[in-house]
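Working notes for the structure below.
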Amino acid sequence: RGIGMESCQAAGARLIRRAPGFFTSPARLHAMSQTVPLIRSATDADLPAIADIYGWNVRHGTGTFELDAPSVADMTVRRQEVLSRSLPWLVAEREGQVLGYAYANYFRPRMAYRFALEDSIYLAPSAQGQGVGTLLLDELIRQCQALGARQMLAVIGDSANQGSIRLHAKAGFEATGVMRSVGWKFERWLDVVIMQKTLGEGDSTVPVDPPPAG
């Protein structure tokens, strides 16, 4: 999925909402922005913050086409599916605060797609514009390539979502197509932009299935 960035920046910058976990004062935000965040694997303890971040993007952004924010229990199930496939689910953390998260899953559930992964990245509004998305995406690509994945796809909600499009282009993704007006959210039609990056040896060699999760 695309990262909820460009369409949410103005609202996030104002920091009007004070939802627990990821909104903070301008002074603290400035101080925190001077420290490089830690990129690590998510834990169960991160799930409330992950649900908060994604819920904000559902309610305010066009990077996701969901209309109702999922619960912590829903996000737990989604993360478990990713982990059951031995795929990474990462968070960016600074001073104990989760700033954003990223994960990869099969592009489609049918098993022939298992070497083609789709990335998803979402940031707290107070963490946007600080390079957090780049750190998450770079580490996600590194781990997925090490696992033997051959392609990564970004399915970006809203062709006006230039933050996500630029993020993926910077990481070496190329635009492969646009699905016009396939989403209806916030009383307007939304496109989906497809971008793709070859990982490792791509289609030049026969892939090897990774060992099962254990």
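Every chain in the structure tokens has a letter given in the order shown (A, B, ...), and although residue numbers restart at 1 in each chain, ligands are simply numbered from 1 in the order shown.
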Contacts of Glu201 in chain A at 7 Å (only C-alpha atoms; same-chain gap of 3+ positions) as a PyMOL selection string
chain A and resi 150+204-205
Thr43 in chain A: which residues within 10 Å, counting only C-alpha atoms, same-chain residues fewer than 2 positions away excluded, as a compact mmCIF listing (two decimals) with all heavy atoms, in the first residue's frame?
# COMPACT_ATOMS: atom_id res chain seq x y z
N ARG A 40 13.43 -1.29 13.63
CA ARG A 40 13.50 -2.62 14.24
C ARG A 40 12.25 -3.41 13.90
O ARG A 40 11.26 -2.86 13.39
CB ARG A 40 13.64 -2.49 15.76
CG ARG A 40 12.50 -1.74 16.43
CD ARG A 40 12.56 -1.86 17.94
NE ARG A 40 11.53 -1.07 18.60
CZ ARG A 40 10.25 -1.44 18.73
NH1 ARG A 40 9.84 -2.61 18.22
NH2 ARG A 40 9.37 -0.67 19.36
N SER A 41 12.28 -4.70 14.21
CA SER A 41 11.10 -5.53 14.03
C SER A 41 10.03 -5.12 15.05
O SER A 41 10.33 -4.82 16.20
CB SER A 41 11.45 -7.00 14.24
OG SER A 41 12.35 -7.44 13.24
N ALA A 45 3.84 -5.37 21.64
CA ALA A 45 3.64 -4.12 22.39
C ALA A 45 3.47 -2.91 21.49
O ALA A 45 2.95 -1.88 21.92
CB ALA A 45 4.83 -3.90 23.34
N ASP A 46 3.90 -3.02 20.23
CA ASP A 46 3.78 -1.90 19.29
C ASP A 46 2.38 -1.81 18.65
O ASP A 46 2.07 -0.80 18.01
CB ASP A 46 4.80 -2.03 18.16
CG ASP A 46 6.23 -1.99 18.65
OD1 ASP A 46 6.54 -1.15 19.52
OD2 ASP A 46 7.05 -2.80 18.16
N LEU A 47 1.59 -2.85 18.79
CA LEU A 47 0.34 -2.91 18.03
C LEU A 47 -0.64 -1.79 18.34
O LEU A 47 -1.28 -1.28 17.41
CB LEU A 47 -0.31 -4.28 18.21
CG LEU A 47 0.40 -5.39 17.42
CD1 LEU A 47 -0.02 -6.76 17.93
CD2 LEU A 47 0.11 -5.26 15.94
N ARG A 79 -0.77 -8.67 11.12
CA ARG A 79 0.67 -8.87 11.36
C ARG A 79 1.01 -10.35 11.44
O ARG A 79 2.06 -10.79 10.92
CB ARG A 79 1.09 -8.15 12.65
CG ARG A 79 2.54 -8.38 13.03
CD ARG A 79 2.96 -7.46 14.16
NE ARG A 79 4.21 -7.88 14.76
CZ ARG A 79 4.32 -8.62 15.86
NH1 ARG A 79 3.23 -9.01 16.51
NH2 ARG A 79 5.51 -8.96 16.32
N TRP A 89 7.91 -7.17 9.38
CA TRP A 89 7.02 -6.08 9.80
C TRP A 89 7.88 -5.21 10.71
O TRP A 89 8.30 -5.64 11.78
CB TRP A 89 5.80 -6.61 10.52
CG TRP A 89 4.75 -5.56 10.79
CD1 TRP A 89 4.94 -4.37 11.45
CD2 TRP A 89 3.37 -5.59 10.41
NE1 TRP A 89 3.77 -3.66 11.49
CE2 TRP A 89 2.80 -4.38 10.87
CE3 TRP A 89 2.59 -6.52 9.74
CZ2 TRP A 89 1.44 -4.08 10.68
CZ3 TRP A 89 1.24 -6.22 9.54
CH2 TRP A 89 0.68 -5.01 10.01
N LEU A 90 8.17 -4.00 10.30
CA LEU A 90 9.13 -3.12 10.95
C LEU A 90 8.43 -1.91 11.56
O LEU A 90 7.36 -1.50 11.10
CB LEU A 90 10.18 -2.63 9.95
CG LEU A 90 10.88 -3.68 9.10
CD1 LEU A 90 11.78 -3.01 8.08
CD2 LEU A 90 11.68 -4.64 9.97
N VAL A 91 9.06 -1.32 12.55
CA VAL A 91 8.63 -0.03 13.08
C VAL A 91 9.83 0.90 13.13
O VAL A 91 10.99 0.45 13.22
CB VAL A 91 7.99 -0.13 14.47
CG1 VAL A 91 6.69 -0.92 14.43
CG2 VAL A 91 8.95 -0.71 15.50
Considering only C-alpha atoms, can you say which of A:Ala42, A:Leu140, A:Val72, A:Ala146 comes closest to Leu99 in chain A?
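Nearest to Leu99 in chain A: A:Ala42.
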Met179 in chain A surroundings by only C-alpha atoms, 8 Å radius, close-in-sequence under 5 positions cut, as a ChimeraX atom specification
/A:191-194
For the residues in that selection, give me all heavy atoms as a tab-separated table (two decimals), in the first residue's frame.
chain	number	residue	atom	x	y	z
A	191	ASP	N	-7.31	7.53	-8.09
A	191	ASP	CA	-6.56	6.57	-8.90
A	191	ASP	C	-5.72	5.67	-7.98
A	191	ASP	O	-5.54	5.94	-6.79
A	191	ASP	CB	-5.59	7.31	-9.84
A	191	ASP	CG	-6.29	8.23	-10.81
A	191	ASP	OD1	-7.48	8.02	-11.08
A	191	ASP	OD2	-5.62	9.18	-11.29
A	192	VAL	N	-5.16	4.63	-8.57
A	192	VAL	CA	-4.14	3.81	-7.92
A	192	VAL	C	-2.92	3.79	-8.85
A	192	VAL	O	-3.05	3.48	-10.04
A	192	VAL	CB	-4.63	2.38	-7.65
A	192	VAL	CG1	-3.47	1.48	-7.27
A	192	VAL	CG2	-5.68	2.37	-6.55
A	193	VAL	N	-1.77	4.14	-8.30
A	193	VAL	CA	-0.51	4.14	-9.05
A	193	VAL	C	0.26	2.87	-8.69
A	193	VAL	O	0.45	2.57	-7.51
A	193	VAL	CB	0.32	5.38	-8.71
A	193	VAL	CG1	1.68	5.34	-9.43
A	193	VAL	CG2	-0.44	6.65	-9.06
A	194	ILE	N	0.72	2.14	-9.70
A	194	ILE	CA	1.50	0.93	-9.50
A	194	ILE	C	2.96	1.23	-9.82
A	194	ILE	O	3.28	1.74	-10.91
A	194	ILE	CB	1.01	-0.23	-10.39
A	194	ILE	CG1	-0.50	-0.42	-10.25
A	194	ILE	CG2	1.77	-1.52	-10.03
A	194	ILE	CD1	-0.96	-0.83	-8.89
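If only C-alpha atoms are the atoms counted, then among A:Ala124, A:Ile156, A:Leu117, A:Ile141 the closest residue to His60 in chain A is A:Ala124.
Straight-line separation from CA of Val155 in chain A to CA of Ala171 in chain A: 14.6 Å.
Take the candidates A:Thr134, A:Ala116, A:Ile121, A:Arg180 and check each one against Lys197 in chain A using only C-alpha atoms; the shortest distance goes to A:Ala116.
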My list of candidates is A:Thr176, A:Ser71, A:Gln143, A:Gln196. Which is closest to Ala49 in chain A when distances are computed with only C-alpha atoms?
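Among the listed residues, the smallest separation from Ala49 in chain A belongs to A:Ser71.
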Name the closest residue to Met152 in chain A among the candidates A:Arg94, A:Arg85, A:Arg114, A:Arg188; distances are taken between atoms, counting only C-alpha atoms.
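Selected residue with least distance to Met152 in chain A: A:Arg114.
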Let's see if you can do this: from backbone DSSP, list all strand (DSSP E) residues in range 37-175 of chain A, as an MDAnalysis selection string.
chainID A and resid 38:41 89:94 97:106 116:123 151:157 174:175
